[in-house]
Every structure is written in C-alpha cells, then in structure tokens.
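Asks: My structure is stored as input06.txt, with compact mmCIF, C-alpha atoms and all ligand atoms.
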# COMPACT_ATOMS: atom_id res chain seq x y z
CA MET A 146 -20.17 -27.23 23.84
CA GLU A 147 -21.44 -28.27 20.45
CA TYR A 148 -19.46 -30.57 18.20
CA THR A 149 -19.39 -31.11 14.46
CA ILE A 150 -17.55 -33.28 11.95
CA LEU A 151 -14.64 -31.50 10.28
CA GLY A 152 -15.53 -32.33 6.69
CA ARG A 153 -13.76 -35.27 5.08
CA THR A 154 -11.34 -35.67 8.01
CA GLY A 155 -14.18 -37.24 9.99
CA LEU A 156 -12.72 -35.64 13.13
CA LYS A 157 -15.25 -34.69 15.77
CA VAL A 158 -14.39 -31.11 16.71
CA SER A 159 -15.81 -28.42 18.96
CA VAL A 160 -17.42 -25.56 17.02
CA ALA A 161 -15.26 -23.20 19.07
CA GLY A 162 -11.51 -23.66 18.55
CA LEU A 163 -8.81 -22.01 20.62
CA GLY A 164 -6.53 -19.83 18.49
CA CYS A 165 -3.11 -19.80 20.12
CA GLY A 166 -1.73 -17.17 17.72
CA GLY A 167 -3.25 -13.93 16.41
CA PRO A 168 -2.58 -10.67 18.25
CA SER A 169 -2.92 -12.30 21.68
CA ARG A 170 -0.93 -15.55 21.50
CA LEU A 171 -2.60 -16.84 24.67
CA GLY A 172 -1.63 -13.59 26.41
CA GLN A 173 2.09 -13.99 25.64
CA ARG A 174 2.06 -10.75 23.61
CA ALA A 175 0.85 -8.93 26.73
CA ASN A 176 3.63 -10.56 28.78
CA LYS A 177 1.38 -12.95 30.66
CA SER A 178 3.20 -15.76 32.41
CA GLU A 179 3.46 -19.23 30.94
CA LYS A 180 1.38 -20.43 33.88
CA ASP A 181 -1.45 -18.01 32.95
CA SER A 182 -1.39 -19.14 29.31
CA ILE A 183 -1.46 -22.80 30.34
CA ALA A 184 -4.44 -21.99 32.58
CA LEU A 185 -6.20 -20.37 29.60
CA VAL A 186 -5.77 -23.52 27.50
CA ARG A 187 -7.04 -25.65 30.42
CA GLN A 188 -10.04 -23.33 30.77
CA ALA A 189 -10.89 -23.83 27.10
CA LEU A 190 -10.59 -27.61 27.49
CA ASP A 191 -12.76 -27.53 30.62
CA MET A 192 -15.41 -25.67 28.58
CA GLY A 193 -15.37 -28.47 25.98
CA VAL A 194 -13.00 -27.05 23.35
CA ASN A 195 -11.08 -29.92 21.74
CA LEU A 196 -9.39 -28.16 18.81
CA LEU A 197 -6.30 -26.09 19.50
CA ASP A 198 -4.64 -24.13 16.71
CA THR A 199 -0.99 -23.14 17.04
CA ALA A 200 2.04 -22.79 14.75
CA GLU A 201 5.81 -23.10 14.84
CA VAL A 202 6.12 -19.29 14.69
CA TYR A 203 3.66 -18.41 17.48
CA GLY A 204 5.89 -19.52 20.33
CA THR A 205 2.89 -21.25 21.92
CA GLU A 206 3.41 -24.90 20.91
CA GLU A 207 5.33 -25.56 24.12
CA ILE A 208 2.53 -24.02 26.20
CA VAL A 209 -0.03 -26.20 24.44
CA GLY A 210 2.17 -29.26 25.02
CA LYS A 211 2.41 -28.53 28.73
CA ALA A 212 -1.32 -27.75 29.04
CA LEU A 213 -2.17 -31.11 27.46
CA GLU A 214 -0.15 -33.13 29.92
CA GLY A 215 -2.28 -35.91 31.44
CA ILE A 216 -5.07 -35.54 28.86
CA PRO A 217 -5.66 -38.59 26.64
CA ARG A 218 -4.18 -37.69 23.26
CA ASP A 219 -7.16 -38.97 21.27
CA GLN A 220 -9.48 -36.47 22.98
CA ILE A 221 -7.68 -33.49 21.43
CA VAL A 222 -7.31 -32.25 17.86
CA ILE A 223 -3.99 -30.44 17.45
CA SER A 224 -3.67 -28.08 14.49
CA THR A 225 -0.24 -26.59 13.88
CA LYS A 226 1.66 -25.08 10.98
CA LYS A 227 4.89 -25.07 9.04
CA ALA A 228 6.06 -21.47 8.59
CA PHE A 229 6.15 -20.26 5.02
CA PRO A 230 8.18 -19.08 3.06
CA LEU A 231 10.81 -21.64 4.02
CA ARG A 232 14.07 -20.59 5.63
CA ASP A 233 15.93 -22.88 3.22
CA PRO A 234 13.94 -23.10 -0.06
CA LYS A 235 16.70 -25.28 -1.59
CA ASP A 236 16.02 -28.09 0.88
CA PRO A 237 12.23 -28.17 1.35
CA VAL A 238 12.14 -31.83 2.38
CA GLY A 239 14.86 -31.44 5.00
CA GLU A 240 13.33 -28.29 6.44
CA LEU A 241 9.83 -29.73 6.60
CA LYS A 242 11.07 -32.84 8.38
CA LYS A 243 13.08 -30.81 10.89
CA SER A 244 10.20 -28.39 11.59
CA LEU A 245 7.75 -31.21 12.12
CA GLU A 246 10.10 -33.02 14.52
CA GLN A 247 10.53 -29.78 16.51
CA SER A 248 6.77 -29.16 16.63
CA LEU A 249 6.18 -32.74 17.82
CA ARG A 250 8.77 -32.30 20.56
CA ARG A 251 7.34 -28.96 21.74
CA LEU A 252 3.80 -30.32 21.65
CA ARG A 253 4.92 -33.51 23.49
CA THR A 254 3.19 -35.80 21.04
CA ASP A 255 4.11 -38.23 18.28
CA TYR A 256 1.56 -37.07 15.68
CA ILE A 257 -0.17 -33.89 14.53
CA ASP A 258 -3.86 -34.07 13.63
CA ILE A 259 -3.83 -31.19 11.13
CA TYR A 260 -0.53 -29.91 9.75
CA HIS A 261 -0.86 -26.76 7.65
CA VAL A 262 1.41 -24.81 5.39
CA HIS A 263 1.13 -21.38 7.01
CA GLY A 264 0.09 -18.11 5.39
CA VAL A 265 0.64 -18.95 1.72
CA GLU A 266 0.31 -16.02 -0.68
CA PRO A 267 -1.13 -16.57 -4.18
CA GLN A 268 2.22 -16.29 -5.98
CA GLU A 269 3.78 -18.77 -3.51
CA TYR A 270 1.27 -21.55 -4.09
CA PRO A 271 3.09 -23.16 -7.06
CA TYR A 272 6.22 -23.60 -4.89
CA VAL A 273 4.09 -25.29 -2.22
CA SER A 274 2.43 -27.69 -4.63
CA ASP A 275 5.70 -28.50 -6.44
CA ASN A 276 7.98 -28.82 -3.43
CA LEU A 277 6.03 -29.64 -0.28
CA VAL A 278 2.92 -31.60 -1.14
CA ALA A 279 4.61 -34.91 -2.03
CA ASP A 280 6.47 -34.89 1.25
CA LEU A 281 3.39 -33.92 3.25
CA LEU A 282 1.59 -36.89 1.68
CA ARG A 283 4.52 -39.12 2.71
CA LEU A 284 4.35 -37.82 6.29
CA LYS A 285 0.63 -38.58 6.24
CA GLU A 286 1.33 -42.15 5.11
CA GLN A 287 3.86 -42.52 7.92
CA GLY A 288 1.23 -41.37 10.43
CA LYS A 289 3.23 -38.35 11.62
CA ILE A 290 0.42 -36.11 10.42
CA ARG A 291 -3.17 -37.19 10.05
CA PHE A 292 -4.47 -34.46 7.74
CA MET A 293 -3.00 -31.75 5.50
CA GLY A 294 -4.07 -28.13 5.60
CA VAL A 295 -3.20 -24.79 4.08
CA THR A 296 -3.86 -21.34 5.55
CA GLU A 297 -4.12 -18.11 3.62
CA ALA A 298 -2.27 -14.84 4.22
CA PHE A 299 -5.57 -12.97 4.64
CA ILE A 300 -4.03 -9.52 5.14
CA GLU A 301 -2.24 -9.76 1.77
CA ASP A 302 -4.96 -11.82 0.06
CA THR A 303 -8.32 -10.40 1.11
CA LYS A 304 -10.03 -11.91 -1.94
CA HIS A 305 -8.80 -15.47 -1.20
CA GLN A 306 -6.95 -16.00 -4.47
CA MET A 307 -4.57 -18.58 -2.99
CA LEU A 308 -7.35 -20.74 -1.56
CA GLN A 309 -9.32 -20.56 -4.78
CA ARG A 310 -6.29 -22.03 -6.54
CA ALA A 311 -5.54 -24.55 -3.76
CA LEU A 312 -9.09 -25.91 -3.83
CA GLU A 313 -8.57 -27.03 -7.43
CA ASP A 314 -6.19 -29.62 -5.95
CA ARG A 315 -7.67 -32.54 -4.08
CA TRP A 316 -5.02 -33.08 -1.42
CA TRP A 317 -6.03 -30.43 1.14
CA ASP A 318 -8.18 -31.95 3.87
CA VAL A 319 -8.59 -28.66 5.74
CA VAL A 320 -8.27 -24.95 4.93
CA MET A 321 -8.08 -21.93 7.21
CA VAL A 322 -9.79 -18.84 5.84
CA GLY A 323 -10.41 -15.25 6.94
CA PHE A 324 -14.13 -14.54 7.27
CA ASN A 325 -16.13 -12.03 9.27
CA ILE A 326 -19.08 -9.60 9.13
CA LEU A 327 -16.98 -6.99 7.30
CA ASN A 328 -15.46 -9.21 4.61
CA GLN A 329 -17.80 -12.04 3.70
CA SER A 330 -16.17 -12.73 0.34
CA ALA A 331 -15.09 -16.24 1.43
CA ARG A 332 -18.73 -17.31 1.12
CA ALA A 333 -18.65 -17.30 -2.67
CA ALA A 334 -14.90 -17.63 -3.23
CA VAL A 335 -14.07 -20.45 -0.83
CA LEU A 336 -17.02 -21.93 1.05
CA SER A 337 -18.96 -22.74 -2.11
CA LYS A 338 -16.04 -25.02 -3.10
CA THR A 339 -15.28 -26.50 0.32
CA LEU A 340 -18.94 -27.45 0.67
CA GLU A 341 -18.79 -29.29 -2.67
CA ARG A 342 -15.56 -31.07 -1.71
CA ASN A 343 -16.36 -31.63 1.95
CA THR A 344 -13.13 -29.85 2.95
CA GLY A 345 -12.75 -29.01 6.64
CA VAL A 346 -12.95 -25.26 7.31
CA LEU A 347 -11.42 -23.33 10.19
CA VAL A 348 -12.28 -19.61 10.34
CA MET A 349 -9.85 -16.95 11.55
CA PHE A 350 -10.33 -13.16 11.93
CA ALA A 351 -13.92 -13.51 13.19
CA VAL A 352 -13.42 -10.52 15.49
CA ARG A 353 -9.91 -9.19 15.27
CA LYS A 354 -9.57 -5.42 15.93
CA ALA A 355 -12.49 -3.87 14.09
CA LEU A 356 -15.12 -6.03 15.74
CA SER A 357 -13.68 -5.63 19.23
CA GLN A 358 -12.60 -1.95 19.16
CA PRO A 359 -15.28 0.65 18.18
CA ALA A 360 -12.67 3.23 17.12
CA ARG A 361 -11.15 0.81 14.59
CA LEU A 362 -14.60 -0.12 13.30
CA SER A 363 -15.38 3.57 12.70
CA GLU A 364 -12.13 4.00 10.73
CA ILE A 365 -12.83 1.01 8.51
CA TRP A 366 -16.46 2.05 8.07
CA ALA A 367 -15.35 5.53 6.92
CA GLU A 368 -12.91 3.96 4.45
CA LEU A 369 -15.58 1.64 3.02
CA LYS A 370 -18.12 4.47 2.80
CA GLN A 371 -15.63 6.64 0.96
CA LYS A 372 -15.05 3.84 -1.55
CA GLY A 373 -18.82 3.47 -1.96
CA LEU A 374 -18.72 -0.16 -0.83
CA VAL A 375 -21.23 0.01 2.02
CA ASP A 376 -24.62 1.46 2.55
CA GLY A 377 -26.89 1.35 5.59
CA GLY A 378 -25.75 0.49 9.11
CA SER A 379 -26.82 2.60 12.11
CA SER A 380 -27.34 6.27 11.35
CA VAL A 381 -26.16 7.29 14.81
CA GLY A 382 -23.32 5.78 16.87
CA GLY A 383 -21.32 2.91 15.40
CA PRO A 384 -22.39 1.25 12.13
CA LEU A 385 -23.19 -2.02 13.89
CA ASP A 386 -24.92 -0.50 16.93
CA PHE A 387 -28.27 -1.70 15.59
CA LEU A 388 -27.23 -5.22 16.57
CA ILE A 389 -27.24 -4.22 20.22
CA LYS A 390 -30.07 -1.65 20.13
CA GLU A 391 -32.45 -4.02 18.40
CA GLY A 392 -31.58 -6.73 20.89
CA SER A 393 -30.10 -9.38 18.61
CA SER A 394 -26.82 -9.52 20.52
CA SER A 395 -25.42 -8.16 23.77
CA THR A 396 -22.00 -7.19 22.34
CA ILE A 397 -20.40 -6.75 18.89
CA PRO A 398 -17.86 -9.58 19.47
CA GLU A 399 -20.79 -11.85 20.37
CA ALA A 400 -22.58 -10.98 17.11
CA ALA A 401 -19.32 -11.39 15.17
CA TYR A 402 -18.62 -14.90 16.48
CA ARG A 403 -22.24 -16.01 16.04
CA PHE A 404 -22.30 -14.66 12.49
CA CYS A 405 -19.32 -16.85 11.53
CA ARG A 406 -20.32 -19.90 13.53
CA HIS A 407 -23.60 -20.38 11.69
CA GLU A 408 -22.32 -19.68 8.18
CA PRO A 409 -22.91 -22.77 6.00
CA GLY A 410 -19.61 -24.53 5.32
CA VAL A 411 -17.83 -23.26 8.45
CA HIS A 412 -16.93 -26.03 10.88
CA VAL A 413 -14.81 -24.33 13.54
CA VAL A 414 -14.46 -20.67 14.47
CA LEU A 415 -11.15 -19.90 16.14
CA SER A 416 -11.13 -17.46 18.99
CA GLY A 417 -7.81 -15.90 19.91
CA THR A 418 -7.52 -14.24 23.31
CA GLY A 419 -5.28 -13.74 26.27
CA SER A 420 -8.18 -13.03 28.62
CA ALA A 421 -10.03 -15.62 30.68
CA ASP A 422 -13.16 -13.42 30.68
CA HIS A 423 -13.10 -13.00 26.91
CA LEU A 424 -12.54 -16.73 26.43
CA LYS A 425 -15.57 -17.57 28.56
CA ALA A 426 -17.76 -14.99 26.76
CA ASN A 427 -16.54 -16.11 23.32
CA ILE A 428 -17.22 -19.78 23.91
CA GLU A 429 -20.68 -18.87 25.20
CA SER A 430 -21.27 -16.74 22.08
CA LEU A 431 -20.18 -19.56 19.79
CA THR A 432 -22.70 -21.91 21.34
CA LYS A 433 -25.63 -19.47 21.06
CA PRO A 434 -28.23 -19.78 18.29
CA PRO A 435 -27.82 -17.97 14.97
CA LEU A 436 -28.54 -14.24 14.77
CA PRO A 437 -32.11 -13.60 13.53
CA ALA A 438 -32.47 -14.29 9.79
CA ALA A 439 -33.42 -10.65 9.09
CA VAL A 440 -30.24 -9.45 10.82
CA ILE A 441 -28.06 -11.86 8.83
CA ALA A 442 -29.75 -10.67 5.64
CA ARG A 443 -29.10 -7.04 6.60
CA LEU A 444 -25.41 -7.72 7.35
CA ARG A 445 -25.07 -9.54 4.03
CA GLU A 446 -26.61 -6.58 2.26
CA ILE A 447 -24.56 -3.88 4.00
CA PHE A 448 -21.20 -5.61 3.49
CA GLY A 449 -21.96 -7.75 0.44
CA LYS A 450 -19.62 -5.82 -1.87
CA VAL A 451 -16.62 -5.72 0.49
CA ASP A 452 -13.57 -7.85 -0.24
CA CYS A 453 -10.74 -5.44 0.53
CA VAL A 454 -10.51 -5.36 4.35
CA THR A 455 -9.71 -7.94 7.03
CA GLY A 456 -10.96 -6.10 10.11
CA ASN A 457 -7.42 -5.89 11.41
N1 LIG A 501 -2.57 -17.15 8.38
C1 LIG A 501 -2.83 -17.85 9.47
O1 LIG A 501 -2.60 -19.02 9.47
C2 LIG A 501 -3.44 -17.21 10.67
C3 LIG A 501 -3.51 -15.82 10.76
C4 LIG A 501 -4.16 -15.27 11.86
C5 LIG A 501 -4.70 -16.10 12.82
N2 LIG A 501 -4.60 -17.45 12.73
C6 LIG A 501 -5.16 -18.35 13.76
O2 LIG A 501 -6.49 -17.96 13.99
C7 LIG A 501 -6.67 -17.71 15.39
C8 LIG A 501 -7.74 -16.66 15.59
O3 LIG A 501 -7.12 -15.45 15.31
P1 LIG A 501 -7.73 -14.05 15.25
O4 LIG A 501 -6.76 -13.08 15.70
O5 LIG A 501 -8.25 -13.92 13.90
O6 LIG A 501 -8.83 -14.17 16.43
P2 LIG A 501 -10.09 -13.32 16.78
O7 LIG A 501 -10.71 -14.16 17.81
O8 LIG A 501 -10.85 -12.89 15.59
O9 LIG A 501 -9.47 -11.93 17.38
C9 LIG A 501 -8.62 -11.89 18.44
C10 LIG A 501 -8.51 -10.44 18.92
O10 LIG A 501 -9.77 -10.01 19.44
C11 LIG A 501 -9.67 -9.71 20.83
N3 LIG A 501 -10.83 -10.29 21.48
C12 LIG A 501 -11.19 -11.60 21.50
N4 LIG A 501 -12.35 -11.77 22.18
C13 LIG A 501 -12.74 -10.55 22.61
C14 LIG A 501 -13.85 -10.08 23.36
N5 LIG A 501 -14.80 -10.90 23.80
N6 LIG A 501 -13.94 -8.75 23.60
C15 LIG A 501 -12.99 -7.90 23.14
N7 LIG A 501 -11.91 -8.28 22.44
C16 LIG A 501 -11.78 -9.60 22.16
C17 LIG A 501 -8.39 -10.33 21.31
O11 LIG A 501 -7.83 -9.58 22.37
P3 LIG A 501 -7.81 -10.12 23.90
O12 LIG A 501 -6.56 -10.91 24.05
O13 LIG A 501 -7.81 -8.86 24.70
O14 LIG A 501 -9.05 -10.92 24.12
C18 LIG A 501 -7.51 -10.29 20.06
O15 LIG A 501 -6.90 -9.04 19.94
C19 LIG A 501 -5.27 -17.29 15.86
O16 LIG A 501 -5.13 -17.38 17.24
C20 LIG A 501 -4.44 -18.27 15.10
O17 LIG A 501 -4.47 -19.52 15.75
C21 LIG A 501 -3.97 -18.00 11.65
Written as structure tokens, how would this file's structure read?
Ligand SMILES: NC(=O)c1ccc[n+]([C@@H]2O[C@H](COP(=O)([O-])OP(=O)(O)OC[C@H]3O[C@@H](n4cnc5c(N)ncnc54)[C@H](OP(=O)(O)O)[C@@H]3O)[C@@H](O)[C@H]2O)c1
Replies:
Amino acid sequence: MEYTILGRTGLKVSVAGLGCGGPSRLGQRANKSEKDSIALVRQALDMGVNLLDTAEVYGTEEIVGKALEGIPRDQIVISTKKAFPLRDPKDPVGELKKSLEQSLRRLRTDYIDIYHVHGVEPQEYPYVSDNLVADLLRLKEQGKIRFMGVTEAFIEDTKHQMLQRALEDRWWDVVMVGFNILNQSARAAVLSKTLERNTGVLVMFAVRKALSQPARLSEIWAELKQKGLVDGGSSVGGPLDFLIKEGSSSTIPEAAYRFCRHEPGVHVVLSGTGSADHLKANIESLTKPPLPAAVIARLREIFGKVDCVTGN
C-alpha cells in the first residue's frame, strides 16, 4: 500500500480507501451476510487500507465497528456522515448530537476522524453553514470529531456548485467529490481550490456503472456524442477500448482507478465493492503507476468538455 497525508488534517492515509456505501454497501445490497461484509473490511485492512468511509444511512457502520474489533483505534481513519437534509430541521443541534452518538455507538468508538455533512445540494448549503457548522466546530473542540467534511450530491450537482461555494469557507478540512474519466470537471472547479487551501480530498464515483459495465458506457457515450461533447475514443468496440488494446491497462476499472489516483490534488480514491476479487484487483490498481502521459492527455482531450454525467 502507498500512503499520503490528507491535506491539512495531517492524517496519514492509504491512497485506496474502502467505500462502505455506493451501490454495493460491502455486499449488503446483494444480500451478503454480515460475516462476509466483515471479512471484506478485514481483507481491505490486511491489504493496508486504513481509511474506511461509511455513513449513518448506509447501514454499514455496525459492520465496520465489528470488523475493527481488536485493532488499535489510532491505526484507522474512520470517515462517516450525518445524513442531510435533516429529519428535524427545527432542531439541528439536537439531531446532530443524537446522530453522532448513534454513529459512535455503532462504530464502537468514542471519536470520529472525519465527520461529513452528507450529500449537500447547492441550494441546501446556506442551511448547513447557518445551522450546523457552529455545532460541528464545538464537537471538534470537544474531541468527538477530529475533522469536518462535506460531501456533494454528485448526481444532482455534476458541476460541483455546492463544493465551489463550500470552499469559500475555511472550516472544511476534507471534501468528498465525484471525479472520473468521464466527468473531469472537478479538476478546475474543485481541485484547483483544494490544492491552494490544502483541503483533504476523497474521490467517489471513480468507476461506478459506466466504467465497470460496457453496455452502460456505450449508452453514456452515445448521449455525449449526440450532445457534441466528445470526440475521438476507439472507432470500433467500446470508446475506451484503446486503453486495453494499446496495453496501458488490463481492464477499464483498472484504468479508471489509476486515472483518479494520480490526479493532482486527490489524496484518497474510494473503492466500493461487495466482491473480494474486485477489492483485491482495485487495491492493486490503485497502487500501480500512473497511466502513460499520452493516454492521460488523450482522456483529458476526449472528455474535457463533459460536466453533465456521473457515470452512474
Ligand atoms: N454523496 C456521498 O457522500 C457519496 C455518494 C456515493 C458514494 N460515496 C462513497 O464513496 C464510495 C465509493 O463509491 P462509488 O460507488 O462511487 O464506488 P466505485 O468504486 O466507483 O463503484 C462501485 C461500483 O463499481 C463496481 N465495481 C467495483 N470494482 C469493480 C471491478 N473491479 N470490476 C467490476 N465492477 C467493479 C461495484 O460493484 P461490485 O460490488 O460488483 O464490485 C459497484 O457497483 C462509496 O462506497 C461511499 O462510501 C459517497
């Protein structure tokens, strides 16, 4: 495993993070047993992953808590999230406190390393800054959370408007952003600012559906072509087949994870999976060298105008 420093948090984190949500939720969405999901987390830890990302709404905090039993707490970076919008917007302080206590109990710990507000849409950001930030700062002072984060609702906000606004405020230690080969708009919209501010960056959606299922990639490619947003790609087969044919990568998911991992400003790429084989392959991909510079340049050129898809 390779490790890096997560921006201004100073936390030493593995470049591959385990995403315990997404479509797979550690296999829980495919009805895997709790024992299998715990084994998946342990596999990631055995391969050197030390950052685990979960959330109160994923239903996987308890699994993470059980998987971490017996592991020294200071060896792990736990990232979890407060669901947003709030269930009780009239009592933000009370709800935040209650949610955090429940997350701590499920995770079997007495502090969270990175506590995010989850999936904030652009129009919701003013509520977050007016009603939650002061209390999050208080929880930080009390040591219940070490760092504050905010995650975007990428599917609704493919141009990263919320994060662009959030990064004008200085209190976010970490952000979670959607970034992948197909939609690279975070480079200019978000990463240029996080690099300046030394904000920690966790990437989600590196692979998702389009970069793991050829049929979905073809659909999105056709949509982008019709809108005149892409040019190039492979003339026969799938649009990204040149990555394999020309030998820069053995699979599309491998290329997709490597593309994100080596993007300047990205600290951790989250991989979400319910499969032990995929987890092994993904961690191996994330510790491979960058794609060749000419390939990166070509991918930047083909998809450089796209900011309207997520790859979902
Ligand atoms: N707004 C938010 O805060 C937010 C939103 C989304 C995600 N997240 C976080 O980000 C994490 C990463 O999420 P993501 O869904 O974007 O993850 P991802 O790693 O980009 O995509 C996961 C999807 O790709 C498939 N997959 C993974 N590796 C594969 C491989 N080698 N070959 C074929 N298919 C593969 C998985 O299915 P299999 O199970 O079959 O492998 C799953 O359907 C989540 O787990 C969550 O922690 C946060």
Asks: Would you please work out which residue, of A:Met293, A:Ala438, A:Met192, A:Leu171, is nearest to ligand LIG 501 (chain A) when using all atoms listed in the file?
Replies: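 Going through A:Met293, A:Ala438, A:Met192, A:Leu171 one by one, the smallest distance to ligand LIG 501 (chain A) is for A:Leu171.
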Asks: Ligand LIG 501 (chain A): which residues are within 8 Å, counting only C-alpha atoms and all ligand atoms, as number ranges by chain?
Replies: A: 163-172, 197-200, 226, 263-265, 295-299, 321-323, 348-354, 356-358, 398-399, 414-420, 422-424, 426-427
Asks: How would the residues just chosen look if you wrote them out with C-alpha atoms as a tab-separated table (two decimals), in the frame of the given file?
Replies:
chain	number	residue	atom	x	y	z
A	163	LEU	CA	-8.81	-22.01	20.62
A	164	GLY	CA	-6.53	-19.83	18.49
A	165	CYS	CA	-3.11	-19.80	20.12
A	166	GLY	CA	-1.73	-17.17	17.72
A	167	GLY	CA	-3.25	-13.93	16.41
A	168	PRO	CA	-2.58	-10.67	18.25
A	169	SER	CA	-2.92	-12.30	21.68
A	170	ARG	CA	-0.93	-15.55	21.50
A	171	LEU	CA	-2.60	-16.84	24.67
A	172	GLY	CA	-1.63	-13.59	26.41
A	197	LEU	CA	-6.30	-26.09	19.50
A	198	ASP	CA	-4.64	-24.13	16.71
A	199	THR	CA	-0.99	-23.14	17.04
A	200	ALA	CA	2.04	-22.79	14.75
A	226	LYS	CA	1.66	-25.08	10.98
A	263	HIS	CA	1.13	-21.38	7.01
A	264	GLY	CA	0.09	-18.11	5.39
A	265	VAL	CA	0.64	-18.95	1.72
A	295	VAL	CA	-3.20	-24.79	4.08
A	296	THR	CA	-3.86	-21.34	5.55
A	297	GLU	CA	-4.12	-18.11	3.62
A	298	ALA	CA	-2.27	-14.84	4.22
A	299	PHE	CA	-5.57	-12.97	4.64
A	321	MET	CA	-8.08	-21.93	7.21
A	322	VAL	CA	-9.79	-18.84	5.84
A	323	GLY	CA	-10.41	-15.25	6.94
A	348	VAL	CA	-12.28	-19.61	10.34
A	349	MET	CA	-9.85	-16.95	11.55
A	350	PHE	CA	-10.33	-13.16	11.93
A	351	ALA	CA	-13.92	-13.51	13.19
A	352	VAL	CA	-13.42	-10.52	15.49
A	353	ARG	CA	-9.91	-9.19	15.27
A	354	LYS	CA	-9.57	-5.42	15.93
A	356	LEU	CA	-15.12	-6.03	15.74
A	357	SER	CA	-13.68	-5.63	19.23
A	358	GLN	CA	-12.60	-1.95	19.16
A	398	PRO	CA	-17.86	-9.58	19.47
A	399	GLU	CA	-20.79	-11.85	20.37
A	414	VAL	CA	-14.46	-20.67	14.47
A	415	LEU	CA	-11.15	-19.90	16.14
A	416	SER	CA	-11.13	-17.46	18.99
A	417	GLY	CA	-7.81	-15.90	19.91
A	418	THR	CA	-7.52	-14.24	23.31
A	419	GLY	CA	-5.28	-13.74	26.27
A	420	SER	CA	-8.18	-13.03	28.62
A	422	ASP	CA	-13.16	-13.42	30.68
A	423	HIS	CA	-13.10	-13.00	26.91
A	424	LEU	CA	-12.54	-16.73	26.43
A	426	ALA	CA	-17.76	-14.99	26.76
A	427	ASN	CA	-16.54	-16.11	23.32
Asks: Identify, on the basis of all atoms listed in the file, every residue whose closest approach to Thr303 in chain A does not exceed 8 Å; exclude the query and any residue fewer than 3 positions from it along the same chain; express the result as a PyMOL selection string.
Replies: chain A and resi 299-300+323+452-455
Asks: Any idea what the distance is between CA of Val278 in chain A and CA of Ala311 in chain A?
Replies: 11.3 Å
Asks: Could you check how far CA of Glu214 in chain A sits from CA of Gly193 in chain A, in Å to one decimal?
Replies: 16.4 Å
Asks: Which one of A:Ile365, A:Val222, A:Leu336, A:Val273 sits closest to Leu156 in chain A if you count all atoms listed in the file?
Replies: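 Smallest separation from Leu156 in chain A among the options: A:Val222.
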Asks: List as a VMD selection string the protein and nucleic acid residues near Ala189 in chain A, meaning an atom at most 10 Å away when only C-alpha atoms are counted, but skip any in the same chain fewer than 4 places from it.
Replies: chain A and resid 161 to 163 184 to 185 193 to 197 421 424 to 425 428
Asks: Grab the CA of Asp314 in chain A to CA of Phe229 in chain A distance for me, in Å with one decimal place.
Replies: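 These atoms are spaced 19.0 Å apart.
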Asks: Select, from A:Gly294, A:Gly215, A:Pro271, A:Gly155, the residue with the minimum atom-to-atom distance to Lys227 in chain A, counting all atoms listed in the file.
Replies: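 Answer, going by the shortest atom-to-atom distance: A:Gly294.
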Asks: Please determine, counting only C-alpha atoms, which residue among A:Asn276, A:Thr149, A:Gln306, A:Thr396 has the shortest atom-to-atom distance to Gly345 in chain A.
Replies: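 Closest candidate: A:Thr149.
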Asks: From the list A:Val202, A:Ile208, A:Phe387, A:Ser248, which residue is nearest Ser178 in chain A when using only C-alpha atoms?
Replies: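 For Ser178 in chain A, the nearest of the candidates is A:Ile208.
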Asks: For Ala334 in chain A, which of A:Leu374, A:Val440, A:Cys405, A:Leu308 is the closest residue, counting all atoms listed in the file?
Replies: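 Among the listed residues, the smallest separation from Ala334 in chain A belongs to A:Leu308.
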Asks: Excluding His407 in chain A and its own-chain neighbours fewer than 2 positions away, which residues fall within 9 Å of it when counting all atoms listed in the file? Please give them as a list in words.
Replies: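 Counting all atoms listed in the file, the residues come to Tyr402, Arg403, Phe404, Cys405, Pro409, Gly410, Val411, His412, Leu431, Pro434, Pro435 and Leu436 of chain A.
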Asks: Some atoms are missing, so please complete range 431-444 of chain A with N, CA and C atoms and return it as an mmCIF file, keeping the file's coordinate frame.
Replies:
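Saved the output as result_1.cif:
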data_model
loop_
_atom_site.group_PDB
_atom_site.id
_atom_site.type_symbol
_atom_site.label_atom_id
_atom_site.label_comp_id
_atom_site.auth_asym_id
_atom_site.auth_seq_id
_atom_site.Cartn_x
_atom_site.Cartn_y
_atom_site.Cartn_z
ATOM 1 N N LEU A 431 -20.257 -18.571 20.876
ATOM 2 C CA LEU A 431 -20.180 -19.560 19.790
ATOM 3 C C LEU A 431 -21.140 -20.721 19.975
ATOM 4 N N THR A 432 -21.727 -20.832 21.150
ATOM 5 C CA THR A 432 -22.700 -21.910 21.340
ATOM 6 C C THR A 432 -24.125 -21.340 21.447
ATOM 7 N N LYS A 433 -24.272 -20.054 21.104
ATOM 8 C CA LYS A 433 -25.630 -19.470 21.060
ATOM 9 C C LYS A 433 -26.265 -19.727 19.698
ATOM 10 N N PRO A 434 -27.576 -19.567 19.589
ATOM 11 C CA PRO A 434 -28.230 -19.780 18.290
ATOM 12 C C PRO A 434 -27.799 -18.726 17.263
ATOM 13 N N PRO A 435 -28.153 -18.955 15.998
ATOM 14 C CA PRO A 435 -27.820 -17.970 14.970
ATOM 15 C C PRO A 435 -28.447 -16.611 15.270
ATOM 16 N N LEU A 436 -27.881 -15.557 14.729
ATOM 17 C CA LEU A 436 -28.540 -14.240 14.770
ATOM 18 C C LEU A 436 -29.852 -14.378 14.001
ATOM 19 N N PRO A 437 -30.847 -13.514 14.276
ATOM 20 C CA PRO A 437 -32.110 -13.600 13.530
ATOM 21 C C PRO A 437 -31.867 -13.498 12.015
ATOM 22 N N ALA A 438 -32.676 -14.234 11.247
ATOM 23 C CA ALA A 438 -32.470 -14.290 9.790
ATOM 24 C C ALA A 438 -32.481 -12.888 9.166
ATOM 25 N N ALA A 439 -33.344 -12.001 9.677
ATOM 26 C CA ALA A 439 -33.420 -10.650 9.090
ATOM 27 C C ALA A 439 -32.123 -9.877 9.354
ATOM 28 N N VAL A 440 -31.500 -10.131 10.488
ATOM 29 C CA VAL A 440 -30.240 -9.450 10.820
ATOM 30 C C VAL A 440 -29.115 -9.966 9.915
ATOM 31 N N ILE A 441 -29.084 -11.283 9.722
ATOM 32 C CA ILE A 441 -28.060 -11.860 8.830
ATOM 33 C C ILE A 441 -28.235 -11.283 7.426
ATOM 34 N N ALA A 442 -29.489 -11.206 6.983
ATOM 35 C CA ALA A 442 -29.750 -10.670 5.640
ATOM 36 C C ALA A 442 -29.268 -9.223 5.546
ATOM 37 N N ARG A 443 -29.510 -8.460 6.617
ATOM 38 C CA ARG A 443 -29.100 -7.040 6.600
ATOM 39 C C ARG A 443 -27.575 -6.925 6.561
ATOM 40 N N LEU A 444 -26.883 -7.770 7.344
ATOM 41 C CA LEU A 444 -25.410 -7.720 7.350
ATOM 42 C C LEU A 444 -24.850 -8.147 5.994
#
